[in-house]
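Q: Shown below is the structure under consideration.
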Amino acid sequence: MTGRDTRKSGEFELIARYFAPLAARSAGAFGLEDDAALYQPEPGRDLVLTKDAIAAGVHFLPSDPYDLVAQKLMRVNLSDLAAKGAVPRGYLLALAWPEAVTDGDVALFAEGLAKDQDIFGIGLLGGDTVKSLGPAVFSLTAIGDVARGGMVRRSGARAGDAIFVTGTLGDAALGLKAAQGELEISSLLHRRALIQRYRLPQPRVSIGTGLSGAASAGIDISDGLASDLTHLCEASNLRGRIVQSALPLSEAARHVLKKDAGLWPSILSGGDDYELLFTAGDEAAPRLEMLARGSGVPITRIGYVEEGAPEVLMEDLQGKTAALEAGGYTHF
Ligand SMILES: [Mg+2]
C-alpha cells in the first residue's frame, strides 16, 4: 500500500480487506467468513497455547510504527512457544483500536503480520477487531504443537543439569536506554544493533522446536535473566548457580560495559531479550550443538542447578558468590 490511507472503514470491510488475506494459508480459517476456525492437530501431537497482550503507552509507544508493533506482538508469543519446545502453527487476534485509527494504520499493522507469517510459516486463524475508547490494546493467541508429552515445562529441571542460554544477554535493555537518550554509544553500528534488538525481538523458534525431548526445563527471557531464571528455579525447586564471566555478550554490549561496568544490572535484570533459558543434562550436548550450528545462534552454558533453596547464586567477575536479586522488569 502506498501513502497514508486516512479512510475509516467498518469492521467487516477492515477484516475482508486487511485480515482475510492473512488467513489464506490457514485452511481451517475459512477465509474468516465463518464464526470459528477449525484446527486439526496431527495425531500424536499436543497443542500448546499461549497469549500475550500489549497496550499503547505500556508495552509500546503510541508513536511506534504499527508494522513493528504487530511484529513485536507476534514475536513475544512465538518466543513463549519456542521456550516450550512447540512448533508454531497459527494464531488468533483481538485488536482494540483507538478512535483515531485510520485504514492506513490497520494496513500497516497487517503488513507487519504478513512479514512475520512468511518468516515463521504460520497463518491467521481468526479473531476480532473493535474500537476502544482508550488506548490501543492488542492481544494474540499463538497455537503450536509438540510431540505428545514433549512440552518443555518450567518445572522439569533435575539437580546437576546445566543451565543454557541462547544468543546474547542484555542487548535489548541497553538498546532501550540508548533509544531513550540515557546511554551514549559512540559507535553508530553498535547503537543501531542494540536498539534494533529492543525494537524487534528475534524469537528463537528453530532452536526452541528442537528443545522438546532435549531440555529438562525452559522459559524465555522476557523480564530479565535474574527474574526468569528465578522463576525456573522456583518451579523446579532447585538452586541455580551461574558464573558472570560465562554470560554471553554481544560485541556492542561488551564495548558498552568496558566503558561503564555500572551497566551490568541491565545485562542481568534487563527485559525484552526474548532469548531462551533452559536446563539440560549431558546427554543433550550433541543435540544442542546441532541446534546452535543449524540456527547460527550460539547456545552457551552459564551454570548449573543443584539441590537447595530455589534461588540463583552468581559468582561475579571478582570470584565472589552472592544471591542474584530477581528484580527484573515488570510491567505492573
Ligand atoms: Mg515467557
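Each chain in the C-alpha cells gets a letter, A, B and so on, in the order shown; residues start at 1 in every chain, and ligands are counted from 1 in the order they appear.
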Pick out each residue of segment 19-266 of chain A that DSSP on the backbone tags as strand (DSSP E or B); I need them as a PyMOL selection string.

A: chain A and resi 45-56+60+87-98+123-132+137-147+162-166+217-220+239-243

Q: Each residue of chain A lying at most 8 Å from ligand 1 should get a row with its shortest atom-to-atom pair and the distance in Å to one decimal, counting only C-alpha atoms and all ligand atoms; could you produce that, ordered by chain and increasing number, as a Markdown table?

A:
| residue | atom | partner | partner_atom_place_in_ligand_line | distance |
| --- | --- | --- | --- | --- |
| A:Val76 | CA | ligand 1 | 1 (Mg) | 7.8 |
| A:Asn77 | CA | ligand 1 | 1 (Mg) | 7.9 |
| A:Ser79 | CA | ligand 1 | 1 (Mg) | 7.0 |
| A:Asp80 | CA | ligand 1 | 1 (Mg) | 4.7 |
| A:Ala83 | CA | ligand 1 | 1 (Mg) | 7.2 |
| A:Ile219 | CA | ligand 1 | 1 (Mg) | 5.8 |
| A:Asp220 | CA | ligand 1 | 1 (Mg) | 4.8 |
| A:Ile221 | CA | ligand 1 | 1 (Mg) | 6.6 |
| A:Ser222 | CA | ligand 1 | 1 (Mg) | 6.1 |

Q: Select, from A:Val256, A:Met290, A:Ala142, A:Ala23, the residue with the minimum atom-to-atom distance to Ser187 of chain A, counting only C-alpha atoms.

A: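 Closest to Ser187 of chain A, using only C-alpha atoms: A:Val256.
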
Q: So which residues touch Ile299 of chain A within 7 Å, counting only C-alpha atoms, skipping near sequence neighbours fewer than 6 positions away, as a PyMOL selection string?

A: chain A and resi 164-167+292

Q: Would you please extract all helix (DSSP H, G or I) residues from segment 26-108 of chain A, as assigned by DSSP on the backbone, and give them as an MDAnalysis selection string?

A: chainID A and resid 27:32 66:83 103:108

Q: Go through A:Leu169, A:Ile185, A:Leu211, A:Leu238 one by one, measure the shortest atom-to-atom distance of each to Asp272 of chain A using only C-alpha atoms, and give the residue with the smallest value.

A: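 Checking each candidate against Asp272 of chain A, we get A:Leu169 as the closest.
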
Q: One decimal, in Å: what's the spacing between atom CA of Arg199 of chain A and atom CA of Gly127 of chain A?

A: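 Distance reported for this atom pair: 25.0 Å.
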
Q: Taking only residues of segment 76-96 of chain A that have an atom at most 10 Å from an atom of segment 32-40 of chain A, what is each one's shortest atom pair and its distance in Å to one decimal, using only C-alpha atoms, in chain and number order, as JSON lines?

A:
{"residue": "A:Arg89", "atom": "CA", "partner": "A:Tyr39", "partner_atom": "CA", "distance": 9.5}
{"residue": "A:Gly90", "atom": "CA", "partner": "A:Tyr39", "partner_atom": "CA", "distance": 9.0}
{"residue": "A:Leu92", "atom": "CA", "partner": "A:Ala37", "partner_atom": "CA", "distance": 9.4}

Q: Export N, CA, C and O atoms of the chosen residues as a short mmCIF file (atom, residue, chain, number, x, y, z; two decimals), in the first residue's frame?

A:
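part.cif, freshly written:
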data_model
loop_
_atom_site.label_atom_id
_atom_site.label_comp_id
_atom_site.auth_asym_id
_atom_site.auth_seq_id
_atom_site.Cartn_x
_atom_site.Cartn_y
_atom_site.Cartn_z
N ARG A 89 1.95 -22.97 14.76
CA ARG A 89 1.05 -23.40 13.69
C ARG A 89 0.09 -22.32 13.23
O ARG A 89 -0.32 -22.30 12.08
N GLY A 90 -0.35 -21.46 14.14
CA GLY A 90 -1.33 -20.44 13.75
C GLY A 90 -1.60 -19.50 14.90
O GLY A 90 -1.01 -19.65 15.98
N LEU A 92 -4.60 -16.41 16.72
CA LEU A 92 -5.85 -15.67 16.80
C LEU A 92 -5.55 -14.27 17.31
O LEU A 92 -4.64 -14.09 18.13
#

Q: Neighbouring residues of Ile163 of chain A were defined as those with any atom within 7 Å, considering only C-alpha atoms; residues of the same chain fewer than 3 positions away were excluded. Please report them as a list of chain:residue names.

A: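 Everything that qualifies: A:Phe278, A:Thr279, A:Ala280, A:Arg301, A:Ile302, A:Gly303, A:Tyr304, A:Val305.
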
Q: Write out as a PyMOL selection string each polymer residue whose atoms come within 12 Å of Glu251 of chain A, counting only C-alpha atoms; drop sequence neighbours fewer than 5 positions from it.

A: chain A and resi 167-171+187+189-191+193-194+256-258

Q: What's around Leu95 of chain A at 7 Å? Count only C-alpha atoms, leave out sequence neighbours fewer than 3 positions away in its own chain, and write the answer as a list of chain:residue names.

A: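 So the residues in contact are A:Asp128, A:Thr129, A:Val130, A:Val137, A:Phe138, A:Ser139.
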
Q: So which residues touch Leu232 of chain A within 10 Å, counting only C-alpha atoms, skipping near sequence neighbours fewer than 2 positions away, as a PyMOL selection string?

A: chain A and resi 153-157+217-220+227-230+234-240+277-279+310-312

Q: With distances taken over only C-alpha atoms, which of A:Leu288, A:Leu61, A:Ala322, A:Ala172 is nearest to Leu249 of chain A?

A: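 Smallest separation from Leu249 of chain A among the options: A:Ala172.
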
Q: Here is a test: counting only C-alpha atoms, which residue of A:Ala173, A:Val146, A:Leu113, A:Met314 is nearest to Ala82 of chain A?

A: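 Closest to Ala82 of chain A, using only C-alpha atoms: A:Val146.
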
Q: Could you check how far atom CA of Gly10 of chain A sits from atom CA of Ile54 of chain A, in Å to one decimal?

A: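 Calculated distance between atom CA of Gly10 of chain A and atom CA of Ile54 of chain A is 23.4 Å.
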
Q: Just give me the gap between atom CA of Ala261 of chain A and atom CA of Arg197 of chain A in Å, one decimal is fine.

A: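 Distance reported for this atom pair: 20.4 Å.
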